[in-house]
Structure formats: C-alpha cells, structure tokens
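Colleague: What follows is run.pdb, PDB, C-alpha atoms.
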ATOM      1  CA  MET G 207     -13.436  25.883  21.393
ATOM      2  CA  ILE G 208     -10.905  23.093  21.746
ATOM      3  CA  ASN G 209      -8.925  25.351  24.069
ATOM      4  CA  ILE G 210     -11.864  25.691  26.433
ATOM      5  CA  PHE G 211     -12.396  21.929  26.352
ATOM      6  CA  ALA G 212      -8.751  21.193  27.111
ATOM      7  CA  PHE G 213      -8.654  23.802  29.857
ATOM      8  CA  GLY G 214     -11.771  22.331  31.445
ATOM      9  CA  CYS G 215     -10.256  18.861  31.399
ATOM     10  CA  LEU G 216      -7.069  20.196  32.921
ATOM     11  CA  VAL G 217      -8.893  21.932  35.772
ATOM     12  CA  PHE G 218     -10.906  18.787  36.437
ATOM     13  CA  ALA G 219      -7.749  16.684  36.444
ATOM     14  CA  TRP G 220      -5.997  19.150  38.732
ATOM     15  CA  VAL G 221      -8.789  18.918  41.285
ATOM     16  CA  LYS G 222      -8.783  15.126  41.103
ATOM     17  CA  ASP G 223      -5.079  14.382  41.275
ATOM     18  CA  GLN G 224      -2.427  17.061  41.357
ATOM     19  CA  THR G 225       0.657  14.956  40.799
ATOM     20  CA  LYS G 226      -0.855  13.201  37.811
ATOM     21  CA  ALA G 227      -2.010  16.513  36.359
ATOM     22  CA  LYS G 228       1.514  17.895  36.675
ATOM     23  CA  GLN G 229       2.874  14.774  35.068
ATOM     24  CA  SER G 230       0.505  15.146  32.134
ATOM     25  CA  LEU G 231       1.564  18.759  31.655
ATOM     26  CA  ILE G 232       5.171  17.629  31.439
ATOM     27  CA  VAL G 233       4.205  15.005  28.860
ATOM     28  CA  ALA G 234       2.288  17.675  26.949
ATOM     29  CA  LEU G 235       5.255  20.040  26.950
ATOM     30  CA  LYS G 236       7.623  17.294  25.814
ATOM     31  CA  SER G 237       5.441  16.151  22.954
ATOM     32  CA  PHE G 238       4.879  19.775  21.961
ATOM     33  CA  PHE G 239       8.588  20.355  21.451
ATOM     34  CA  HIS G 240       8.887  16.948  19.860
ATOM     35  CA  ILE G 241       6.329  17.795  17.194
ATOM     36  CA  LEU G 242       7.306  21.458  16.718
ATOM     37  CA  PRO G 243      10.023  21.012  14.036
ATOM     38  CA  THR G 244       7.686  18.940  11.882
ATOM     39  CA  VAL G 245       4.948  21.534  12.291
ATOM     40  CA  LEU G 246       7.302  24.281  11.170
ATOM     41  CA  ILE G 247       8.451  22.241   8.149
ATOM     42  CA  ILE G 248       4.857  21.686   7.063
ATOM     43  CA  ILE G 249       4.044  25.372   7.568
ATOM     44  CA  ILE G 250       6.970  26.366   5.376
ATOM     45  CA  LEU G 251       5.950  23.818   2.735
ATOM     46  CA  ILE G 252       2.382  25.119   2.732
ATOM     47  CA  GLY G 253       3.685  28.644   2.286
ATOM     48  CA  LEU G 254       5.875  27.592  -0.631
ATOM     49  CA  LEU G 255       3.094  25.536  -2.167
ATOM     50  CA  LEU G 256       0.547  28.335  -2.042
ATOM     51  CA  GLY G 257       3.072  30.971  -3.025
ATOM     52  CA  PHE G 258       4.637  29.262  -6.011
ATOM     53  CA  VAL G 259       2.203  26.751  -7.454
ATOM     54  CA  PRO G 260      -0.757  28.446  -9.144
ATOM     55  CA  GLN G 261      -4.174  27.321  -7.957
ATOM     56  CA  SER G 262      -5.194  26.079 -11.378
ATOM     57  CA  GLN G 263      -2.231  23.698 -11.280
ATOM     58  CA  ILE G 264      -3.156  22.335  -7.860
ATOM     59  CA  SER G 265      -6.742  21.716  -8.839
ATOM     60  CA  LYS G 266      -5.576  19.999 -12.006
ATOM     61  CA  ILE G 267      -3.548  17.487 -10.000
ATOM     62  CA  VAL G 268      -5.823  16.914  -7.008
ATOM     63  CA  GLY G 269      -9.074  18.567  -8.110
ATOM     64  CA  GLU G 270     -12.299  17.291  -9.628
ATOM     65  CA  GLN G 271     -10.781  16.570 -13.005
ATOM     66  CA  ALA G 272      -7.941  14.514 -11.548
ATOM     67  CA  GLY G 273      -9.867  11.283 -12.051
ATOM     68  CA  PHE G 274      -9.255   7.894 -10.530
ATOM     69  CA  CYS G 275      -5.576   7.847 -11.372
ATOM     70  CA  GLY G 276      -5.009  11.069  -9.451
ATOM     71  CA  ILE G 277      -6.792   9.615  -6.437
ATOM     72  CA  LEU G 278      -4.612   6.496  -6.566
ATOM     73  CA  ILE G 279      -1.466   8.620  -6.605
ATOM     74  CA  ILE G 280      -2.657  10.684  -3.645
ATOM     75  CA  ALA G 281      -3.584   7.521  -1.755
ATOM     76  CA  LEU G 282      -0.094   6.103  -2.343
ATOM     77  CA  LEU G 283       1.470   9.392  -1.259
ATOM     78  CA  GLY G 284      -0.539   9.331   1.955
ATOM     79  CA  ALA G 285       0.502   5.742   2.627
ATOM     80  CA  ILE G 286       4.219   6.402   2.134
ATOM     81  CA  LEU G 287       4.535   9.806   3.794
ATOM     82  CA  HIS G 288       5.097   9.767   7.495
ATOM     83  CA  ILE G 289       3.687  13.041   8.810
ATOM     84  CA  PRO G 290       1.821  13.166  12.111
ATOM     85  CA  SER G 291      -1.895  13.187  11.367
ATOM     86  CA  LEU G 292      -2.433  16.318  13.462
ATOM     87  CA  ILE G 293      -0.375  18.283  10.982
ATOM     88  CA  SER G 294      -2.007  16.709   7.958
ATOM     89  CA  PHE G 295      -5.231  18.635   8.607
ATOM     90  CA  PRO G 296      -3.898  22.147   7.993
ATOM     91  CA  LEU G 297      -2.128  20.766   4.931
ATOM     92  CA  ALA G 298      -5.380  19.217   3.735
ATOM     93  CA  ALA G 299      -7.264  22.439   4.467
ATOM     94  CA  SER G 300      -4.822  24.457   2.373
ATOM     95  CA  LEU G 301      -5.148  22.010  -0.527
ATOM     96  CA  PHE G 302      -8.900  22.237  -0.127
ATOM     97  CA  LYS G 303      -8.875  26.031  -0.351
ATOM     98  CA  SER G 304      -6.777  25.938  -3.490
ATOM     99  CA  GLY G 305      -9.172  23.700  -5.353
ATOM    100  CA  ALA G 306      -8.578  20.104  -4.300
ATOM    101  CA  SER G 307     -11.641  17.871  -4.329
ATOM    102  CA  VAL G 308     -13.261  16.343  -1.242
ATOM    103  CA  THR G 309     -12.304  12.896  -2.494
ATOM    104  CA  SER G 310      -8.607  13.585  -2.770
ATOM    105  CA  VAL G 311      -8.417  15.341   0.591
ATOM    106  CA  ALA G 312     -10.307  12.509   2.292
ATOM    107  CA  VAL G 313      -8.210   9.780   0.700
ATOM    108  CA  PHE G 314      -5.002  11.555   1.676
ATOM    109  CA  ILE G 315      -5.960  11.888   5.342
ATOM    110  CA  THR G 316      -7.283   8.356   5.568
ATOM    111  CA  THR G 317      -4.290   6.588   4.045
ATOM    112  CA  LEU G 318      -1.960   8.825   5.997
ATOM    113  CA  THR G 319      -3.474   7.831   9.318
ATOM    114  CA  MET G 320      -4.310   4.173   8.679
ATOM    115  CA  ILE G 321      -1.335   2.962   6.687
ATOM    116  CA  GLY G 322       2.269   3.339   7.683
ATOM    117  CA  VAL G 323       4.833   2.093   5.237
ATOM    118  CA  ALA G 324       7.494   3.440   7.585
ATOM    119  CA  THR G 325       6.151   1.443  10.521
ATOM    120  CA  LEU G 326       5.369  -1.670   8.459
ATOM    121  CA  PRO G 327       8.548  -3.564   9.469
ATOM    122  CA  LEU G 328       7.663  -3.091  13.122
ATOM    123  CA  GLU G 329       4.094  -4.177  12.489
ATOM    124  CA  ILE G 330       5.273  -7.327  10.692
ATOM    125  CA  ARG G 331       7.644  -8.177  13.516
ATOM    126  CA  GLU G 332       4.984  -7.806  16.172
ATOM    127  CA  LEU G 333       1.897  -9.169  14.456
ATOM    128  CA  GLY G 334       3.212 -11.408  11.706
ATOM    129  CA  LYS G 335       3.449 -10.892   7.988
ATOM    130  CA  LYS G 336      -0.014 -12.089   7.078
ATOM    131  CA  LEU G 337      -1.922  -9.889   9.494
ATOM    132  CA  ALA G 338       0.181  -6.790   8.871
ATOM    133  CA  LEU G 339       0.021  -6.984   5.086
ATOM    134  CA  LEU G 340      -3.686  -7.799   5.103
ATOM    135  CA  ARG G 341      -4.400  -4.853   7.380
ATOM    136  CA  ASN G 342      -2.439  -2.351   5.328
ATOM    137  CA  GLY G 343      -3.749  -3.690   2.029
ATOM    138  CA  THR G 344      -7.407  -3.569   3.027
ATOM    139  CA  SER G 345      -6.908  -0.185   4.631
ATOM    140  CA  PHE G 346      -5.761   1.110   1.274
ATOM    141  CA  ILE G 347      -8.886  -0.132  -0.492
ATOM    142  CA  ILE G 348     -11.107   1.122   2.319
ATOM    143  CA  ALA G 349      -9.515   4.564   2.224
ATOM    144  CA  ILE G 350     -10.357   4.883  -1.462
ATOM    145  CA  ALA G 351     -13.905   3.643  -0.851
ATOM    146  CA  ILE G 352     -14.449   6.145   1.984
ATOM    147  CA  ALA G 353     -13.082   8.979  -0.121
ATOM    148  CA  LEU G 354     -15.229   8.118  -3.153
ATOM    149  CA  ILE G 355     -18.386   7.976  -1.029
ATOM    150  CA  MET G 356     -17.517  11.298   0.593
ATOM    151  CA  GLY G 357     -16.916  12.857  -2.792
ATOM    152  CA  LYS G 358     -20.343  11.698  -3.922
ATOM    153  CA  ILE G 359     -22.211  12.932  -0.862
ATOM    154  CA  LEU G 360     -20.459  16.199  -0.007
TER
ATOM    155  CA  MET L  89      13.261  -1.611  25.384
ATOM    156  CA  LYS L  90      12.710   1.752  27.027
ATOM    157  CA  GLU L  91      16.264   2.845  26.285
ATOM    158  CA  THR L  92      15.947   2.084  22.602
ATOM    159  CA  LEU L  93      12.640   3.916  22.383
ATOM    160  CA  LYS L  94      14.161   7.015  23.912
ATOM    161  CA  GLU L  95      17.150   6.725  21.626
ATOM    162  CA  LYS L  96      14.833   6.472  18.659
ATOM    163  CA  GLN L  97      12.916   9.564  19.715
ATOM    164  CA  ARG L  98      16.115  11.541  20.151
ATOM    165  CA  LYS L  99      17.304  10.507  16.704
ATOM    166  CA  GLY L 100      13.924  11.478  15.300
ATOM    167  CA  THR L 101      14.175  14.943  16.825
ATOM    168  CA  ILE L 102      17.644  15.477  15.372
ATOM    169  CA  ARG L 103      16.423  14.333  11.963
ATOM    170  CA  ASP L 104      13.444  16.705  12.166
ATOM    171  CA  ALA L 105      15.708  19.603  13.083
ATOM    172  CA  ILE L 106      17.977  18.887  10.106
ATOM    173  CA  LEU L 107      14.972  18.659   7.791
ATOM    174  CA  LEU L 108      13.701  21.954   9.169
ATOM    175  CA  GLY L 109      17.060  23.532   8.424
ATOM    176  CA  ILE L 110      16.992  22.235   4.857
ATOM    177  CA  ALA L 111      13.435  23.499   4.362
ATOM    178  CA  LEU L 112      14.402  26.941   5.682
ATOM    179  CA  LEU L 113      17.462  27.056   3.441
ATOM    180  CA  ILE L 114      15.463  26.129   0.329
ATOM    181  CA  THR L 115      12.845  28.736   1.210
ATOM    182  CA  ILE L 116      15.446  31.464   1.655
ATOM    183  CA  ILE L 117      17.132  30.582  -1.639
ATOM    184  CA  LEU L 118      13.834  30.400  -3.511
ATOM    185  CA  LEU L 119      12.620  33.675  -2.042
ATOM    186  CA  SER L 120      15.826  35.504  -2.902
ATOM    187  CA  ILE L 121      15.564  34.280  -6.486
ATOM    188  CA  PHE L 122      11.886  35.234  -6.732
ATOM    189  CA  PRO L 123      11.433  38.268  -4.467
ATOM    190  CA  ASP L 124       7.985  38.980  -5.935
ATOM    191  CA  ARG L 125       6.628  35.776  -4.361
ATOM    192  CA  ARG L 126       7.887  36.670  -0.929
ATOM    193  CA  GLU L 127       4.670  38.191   0.277
ATOM    194  CA  ALA L 128       2.382  35.358  -0.841
ATOM    195  CA  VAL L 129       4.606  32.761   0.826
ATOM    196  CA  THR L 130       4.971  34.570   4.127
ATOM    197  CA  THR L 131       1.276  35.407   4.458
ATOM    198  CA  ALA L 132       0.247  31.799   3.781
ATOM    199  CA  SER L 133       2.822  30.488   6.244
ATOM    200  CA  ARG L 134       1.933  33.051   8.885
ATOM    201  CA  GLU L 135      -1.772  32.269   8.678
ATOM    202  CA  PHE L 136      -1.157  28.578   9.222
ATOM    203  CA  PHE L 137       1.329  29.222  11.961
ATOM    204  CA  ILE L 138      -1.263  31.225  13.883
ATOM    205  CA  GLU L 139      -3.921  28.592  13.352
ATOM    206  CA  MET L 140      -1.623  25.808  14.527
ATOM    207  CA  ILE L 141      -0.330  27.676  17.552
ATOM    208  CA  MET L 142      -3.934  28.292  18.629
ATOM    209  CA  ILE L 143      -4.818  24.616  18.827
ATOM    210  CA  LEU L 144      -1.580  22.725  19.279
ATOM    211  CA  PRO L 145      -1.080  23.401  23.017
ATOM    212  CA  ALA L 146      -4.646  22.312  23.763
ATOM    213  CA  VAL L 147      -4.200  19.084  21.807
ATOM    214  CA  MET L 148      -0.949  18.361  23.589
ATOM    215  CA  VAL L 149      -2.518  18.975  26.991
ATOM    216  CA  LEU L 150      -5.348  16.562  26.163
ATOM    217  CA  MET L 151      -2.907  13.883  25.039
ATOM    218  CA  GLY L 152      -0.795  14.396  28.136
ATOM    219  CA  LEU L 153      -3.821  14.106  30.393
ATOM    220  CA  PHE L 154      -4.879  10.828  28.837
ATOM    221  CA  ALA L 155      -1.365   9.447  28.959
ATOM    222  CA  ALA L 156      -1.180  10.166  32.684
ATOM    223  CA  PHE L 157      -4.674   9.107  33.691
ATOM    224  CA  VAL L 158      -5.452   6.141  31.463
ATOM    225  CA  ALA L 159      -2.761   3.539  31.864
ATOM    226  CA  LYS L 160      -1.997   1.230  28.970
ATOM    227  CA  GLU L 161      -2.613  -1.732  31.239
ATOM    228  CA  VAL L 162      -6.252  -0.678  31.572
ATOM    229  CA  VAL L 163      -6.680  -0.766  27.806
ATOM    230  CA  VAL L 164      -5.128  -4.215  27.623
ATOM    231  CA  LYS L 165      -7.285  -5.481  30.479
ATOM    232  CA  TYR L 166     -10.577  -4.407  28.929
ATOM    233  CA  LEU L 167      -9.754  -5.438  25.383
ATOM    234  CA  GLY L 168      -8.520  -8.882  26.317
ATOM    235  CA  LYS L 169     -11.824  -9.858  27.856
ATOM    236  CA  SER L 170     -14.360  -8.285  25.568
ATOM    237  CA  ALA L 171     -16.213 -10.025  22.760
ATOM    238  CA  GLY L 172     -19.124  -9.587  20.367
ATOM    239  CA  ILE L 173     -20.740  -6.245  19.628
ATOM    240  CA  LYS L 174     -19.556  -4.912  22.937
ATOM    241  CA  GLY L 175     -16.019  -5.901  22.039
ATOM    242  CA  ILE L 176     -16.229  -4.087  18.723
ATOM    243  CA  PHE L 177     -17.383  -0.839  20.265
ATOM    244  CA  LEU L 178     -14.903  -1.127  23.079
ATOM    245  CA  SER L 179     -12.136  -1.596  20.509
ATOM    246  CA  VAL L 180     -13.175   1.553  18.655
ATOM    247  CA  PHE L 181     -13.443   3.511  21.891
ATOM    248  CA  MET L 182     -10.161   2.283  23.335
ATOM    249  CA  GLY L 183      -8.384   2.998  20.089
ATOM    250  CA  ALA L 184      -9.779   6.520  20.044
ATOM    251  CA  LEU L 185      -8.304   7.370  23.426
ATOM    252  CA  PRO L 186      -5.281   9.550  22.823
ATOM    253  CA  THR L 187      -2.587   7.467  24.458
ATOM    254  CA  GLY L 188       0.353   7.559  22.097
ATOM    255  CA  PRO L 189       1.739   7.091  18.590
ATOM    256  CA  LEU L 190       1.126   4.046  16.390
ATOM    257  CA  TYR L 191       4.455   2.342  17.034
ATOM    258  CA  VAL L 192       3.587   2.030  20.717
ATOM    259  CA  VAL L 193       0.485   0.047  19.915
ATOM    260  CA  PHE L 194       1.951  -2.835  17.890
ATOM    261  CA  PRO L 195       3.605  -4.509  20.882
ATOM    262  CA  MET L 196       0.346  -4.042  22.799
ATOM    263  CA  ALA L 197      -1.613  -5.639  20.005
ATOM    264  CA  SER L 198       0.742  -8.572  19.874
ATOM    265  CA  VAL L 199       0.365  -9.139  23.617
ATOM    266  CA  LEU L 200      -3.404  -9.015  23.233
ATOM    267  CA  LEU L 201      -3.307 -11.551  20.404
ATOM    268  CA  LYS L 202      -1.231 -13.935  22.491
ATOM    269  CA  LYS L 203      -3.684 -13.531  25.338
ATOM    270  CA  GLY L 204      -6.406 -14.706  23.013
ATOM    271  CA  ALA L 205      -8.172 -11.525  21.978
ATOM    272  CA  ARG L 206     -10.142 -11.800  18.743
ATOM    273  CA  ILE L 207      -8.353 -10.832  15.535
ATOM    274  CA  SER L 208     -11.261  -8.632  14.443
ATOM    275  CA  ASN L 209     -11.082  -6.631  17.650
ATOM    276  CA  ILE L 210      -7.334  -6.189  17.307
ATOM    277  CA  ILE L 211      -7.647  -4.953  13.720
ATOM    278  CA  ILE L 212     -10.420  -2.549  14.714
ATOM    279  CA  PHE L 213      -8.390  -1.408  17.687
ATOM    280  CA  LEU L 214      -5.278  -0.798  15.572
ATOM    281  CA  SER L 215      -7.152   1.117  12.900
ATOM    282  CA  ALA L 216      -9.061   3.189  15.424
ATOM    283  CA  TRP L 217      -5.772   3.921  17.155
ATOM    284  CA  GLY L 218      -4.393   5.237  13.908
ATOM    285  CA  CYS L 219      -7.238   7.277  12.555
ATOM    286  CA  ILE L 220      -9.953   7.955  15.127
ATOM    287  CA  LYS L 221      -8.040   9.790  17.833
ATOM    288  CA  ILE L 222     -10.173  12.208  19.843
ATOM    289  CA  PRO L 223      -7.801  15.220  19.672
ATOM    290  CA  GLN L 224      -7.224  14.495  16.011
ATOM    291  CA  GLU L 225     -10.951  14.710  15.304
ATOM    292  CA  LEU L 226     -11.063  18.068  17.086
ATOM    293  CA  VAL L 227      -8.301  19.395  14.831
ATOM    294  CA  GLU L 228     -10.118  18.029  11.794
ATOM    295  CA  LEU L 229     -13.276  19.808  12.965
ATOM    296  CA  GLN L 230     -11.364  23.065  13.255
ATOM    297  CA  PHE L 231      -9.726  22.900   9.849
ATOM    298  CA  LEU L 232     -12.115  21.016   7.583
ATOM    299  CA  GLY L 233     -15.509  21.726   9.103
ATOM    300  CA  PRO L 234     -18.129  19.667  10.945
ATOM    301  CA  ARG L 235     -19.667  18.002   7.874
ATOM    302  CA  PHE L 236     -16.390  16.705   6.531
ATOM    303  CA  MET L 237     -15.262  15.500   9.945
ATOM    304  CA  ALA L 238     -18.537  13.799  10.879
ATOM    305  CA  MET L 239     -18.839  12.066   7.503
ATOM    306  CA  ARG L 240     -15.296  10.771   7.529
ATOM    307  CA  LEU L 241     -15.586   9.610  11.131
ATOM    308  CA  LEU L 242     -18.811   7.727  10.481
ATOM    309  CA  LEU L 243     -17.588   6.082   7.276
ATOM    310  CA  THR L 244     -14.260   5.171   8.858
ATOM    311  CA  ILE L 245     -15.914   3.456  11.820
ATOM    312  CA  ILE L 246     -18.248   1.475   9.563
ATOM    313  CA  PHE L 247     -15.513   0.385   7.174
ATOM    314  CA  VAL L 248     -13.023  -0.405   9.904
ATOM    315  CA  ILE L 249     -15.525  -2.744  11.550
ATOM    316  CA  ILE L 250     -16.218  -4.442   8.221
ATOM    317  CA  MET L 251     -12.481  -4.748   7.640
ATOM    318  CA  GLY L 252     -11.836  -6.238  11.062
ATOM    319  CA  VAL L 253     -14.477  -8.901  10.657
ATOM    320  CA  SER L 254     -13.438  -9.845   7.115
ATOM    321  CA  ILE L 255      -9.728 -10.033   7.939
ATOM    322  CA  GLU L 256     -10.573 -12.374  10.795
ATOM    323  CA  ARG L 257     -12.551 -14.556   8.374
ATOM    324  CA  ILE L 258      -9.653 -14.635   5.923
ATOM    325  CA  ILE L 259      -7.103 -15.529   8.598
ATOM    326  CA  VAL L 260      -9.274 -18.264  10.087
ATOM    327  CA  TRP L 261     -10.047 -19.648   6.635
ATOM    328  CA  SER L 262      -6.419 -19.691   5.519
ATOM    329  CA  ASP L 263      -5.276 -21.264   8.772
ATOM    330  CA  LYS L 264      -7.683 -24.132   8.231
ATOM    331  CA  LYS L 265      -6.274 -24.990   4.827
TER
END
What do you get writing this file as structure tokens?

Modeller:
Amino acid sequence: MINIFAFGCLVFAWVKDQTKAKQSLIVALKSFFHILPTVLIIIILIGLLLGFVPQSQISKIVGEQAGFCGILIIALLGAILHIPSLISFPLAASLFKSGASVTSVAVFITTLTMIGVATLPLEIRELGKKLALLRNGTSFIIAIAIALIMGKIL
Amino acid sequence: MKETLKEKQRKGTIRDAILLGIALLITIILLSIFPDRREAVTTASREFFIEMIMILPAVMVLMGLFAAFVAKEVVVKYLGKSAGIKGIFLSVFMGALPTGPLYVVFPMASVLLKKGARISNIIIFLSAWGCIKIPQELVELQFLGPRFMAMRLLLTIIFVIIMGVSIERIIVWSDKK
C-alpha cells in the first residue's frame, strides 16, 4: 500500500519537475544506504532475540505482569537508545508478537522518538538548558501517560 | 557547518558498519555454539528482512521527495508568522513533514525562537518533528496495525499540544521571577 502511495507521489513529482524529482531520488538512494547497516543490525538482533530468548521470558520482562517498574525501565531504554524510529517499528512488532504488552511497546516507541539523550548536548547548545531539559523531561512523563492510556483502551 | 555535518555522517556510517560487523560476528559465534537454534534465528531474521525491504525504498523515496520539494526556508517562513490555534496546527503539520533527522531541526528551532516565534509552537514543532513523521506513521501502520497507530497518533498530538502550552507557561513564569 505504501509502495503504491510512494510511486504515485513520484510520478506526480516527475510530471511537475523532472530535475527536482531526480534530485529527490538521489537523496532517497543516499539515505537508504545510510540507514541500511542499522537496519541489518536490528534484523540480526531480532533474530537472536526471538531465537534464543523464550517467549515466556520476554513477556515476563515487558508483558502484562511487568508492572510500573518494567514500564519505567523500557521508557528509559527508549530515551537512551539511538535507533532510527523507522526501524523501531519492526522491533516493536516482534516484541508484541512474543508477548509484550501494548503499554510497553507504546512507551518504547514514544520515548525513542521524542527524547534523544544522544542529541541532548546539541539541543542544549541551540535552545538553552532550560528549554531542552524541560522538553525532554516532560516528554518522558507524557510518553508514560500515553502508553498507560493506550494499555487501558486497547 | 556543512562540512562538519558531512563529516559527522561519514563517521556515523563507519561506526554503523563496524557495529554491523560485531553483530554478525556474535551471531556466527552464537550459532556455531548452539546449532539447534540456527533455524529459529534465521527464519525470524529473514521474515523481518523481507518486511523491511518491502517498505524501506518507498519510505526513502517519500522522504527524498519532501526534501527536494519542500525547502526548509518555507517551514521557517510559515512557522515564524503563525500564532494561536492556527499556529498550533501549523506546527504539528510542519513537524510531520518528512524533511530530515532531529539534529537538523535544533538550529532551525533556535532561529525561529530568535525571530520571535512562540515557545509553545517551537516545542510542538520539535516534538512533532520527532514523533509524528508521515512516513513513520505509514511504517507503524504496516507493522502494528491501524488501531495502535491511530490511537498513538491521536494521543501524541493531544499531549504534545498540552506540553507545548505548559512549557511556555513555565518559561514565562520563571523568567518573570
């Protein structure tokens, strides 16, 4: 489905402006090769995770019975890890299939995308300490709130 | 500035390649110690590889198209002027446009702040930039299903707006003191 959408956009762009369309294809190719190693690493990790860790173990750590403490740990993990969000979805889906709860999957994705401990120094330099720390701090709380609500509803 | 960014990217690629090598090495060692797990690991990896390879090119094409057709200057121009409810929605929308990674946006945000854009809009813009990207939502739809994606999107937008407004309050209040 997404392929059809992208292809449609590309055709439309091609008709509108050929040079710009070519340029965007070059950008696409570059970023594809840029992201490829990380994708492969995550794929290998998922394989290892599913192959070696029994499902009961996964669901014990990130499943329904993990409790609030488990959610906090996952939220912290998401905040510290620096994986492109695109790749976090297959990872989340695989955790989901092996028994992780909605809450933990949601909190992981949300902290991963909203908070960047790795980019925090840059954020502080550009926006000031107060704003950067406030933003990351509240994002953390919000991520947990979103995840808890999702766990309740879904 | 451009030179250093390129340099950074190149370093990042080298680091990723080394990490990939380490991951491969560990996998090979682990699989030769436990040959009975080989099949489970390779099937799981292969399934995800196929799923990723199906969507990744499309996502990249979309991002490339936006990068070429929507200039960053346009985003800055619209966000600098906007205010009120319109400003909030514009911030969400502009942030959702797939125009680059998060570290590109901090300098933009700082320029906007200096130009006098509202703090709430900047916070909303930054957060939307991070977590409400259009191609990203499509990938989420593919992997986690429409209900999960729609719920998370809706909740994120609501909470991000609340966060933007309250951070602005806090900053204004603490500046007064």

Colleague: As an exercise, work out the distance from CA of Leu340 (chain G) to CA of Phe236 (chain L) in Å and give it to one decimal place.

Modeller: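 Between CA of Leu340 (chain G) and CA of Phe236 (chain L) the gap is 27.6 Å.
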
Colleague: One number please: CA of Ile241 (chain G) to CA of Ile102 (chain L), in Å, one decimal.

Modeller: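 Calculated distance between CA of Ile241 (chain G) and CA of Ile102 (chain L) is 11.7 Å.
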
Colleague: How many Å separate CA of Lys266 (chain G) from CA of Ile315 (chain G)?

Modeller: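 Between CA of Lys266 (chain G) and CA of Ile315 (chain G) the gap works out to 19.2 Å.
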
Colleague: Do you know which residues the ChimeraX specification (/G :<6) & /L returns on this file, as a VMD selection string?

Modeller: chain L and resid 104 to 105 108 128 to 129 132 to 133 146 148 to 150 152 to 153 156 194 to 195 198 215 218 to 219 224 228 231 to 232

Colleague: Considering all atoms listed in the file, state which residue in the set G:Cys275, G:Ile264, G:Leu354, G:Ile286 is at the smallest distance from Thr309 (chain G).

Modeller: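 Among the listed residues, the smallest separation from Thr309 (chain G) belongs to G:Leu354.
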
Colleague: Can you list, as a ChimeraX atom specification, every protein, DNA or RNA residue that comes within 10 Å of Gly172 (chain L) when you count all atoms listed in the file, leaving out same-chain residues fewer than 6 positions away?

Modeller: /L:178,206,208-209

Colleague: So, with all atoms listed in the file as the atoms that count, which of G:Val323, G:Leu282, G:Ile277, G:Ile289 lies closest to Ser307 (chain G)?

Modeller: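 Smallest distance to Ser307 (chain G) is found for G:Ile277.
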
Colleague: Check the smallest atom-to-atom distance from each of L:Val163, L:Ile249, L:Met239, L:Val180 to Ile220 (chain L) using all atoms listed in the file, then report the winner.

Modeller: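 Distance minimum relative to Ile220 (chain L) lands on L:Val180.
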
Colleague: Please expand the PyMOL selection byres ((chain G and resi 262) around 12) into the concrete residues it hits in this file, giving the result as an NGL selection string.

Modeller: :G and (256 or 258-261 or 263-272 or 301 or 303-306)
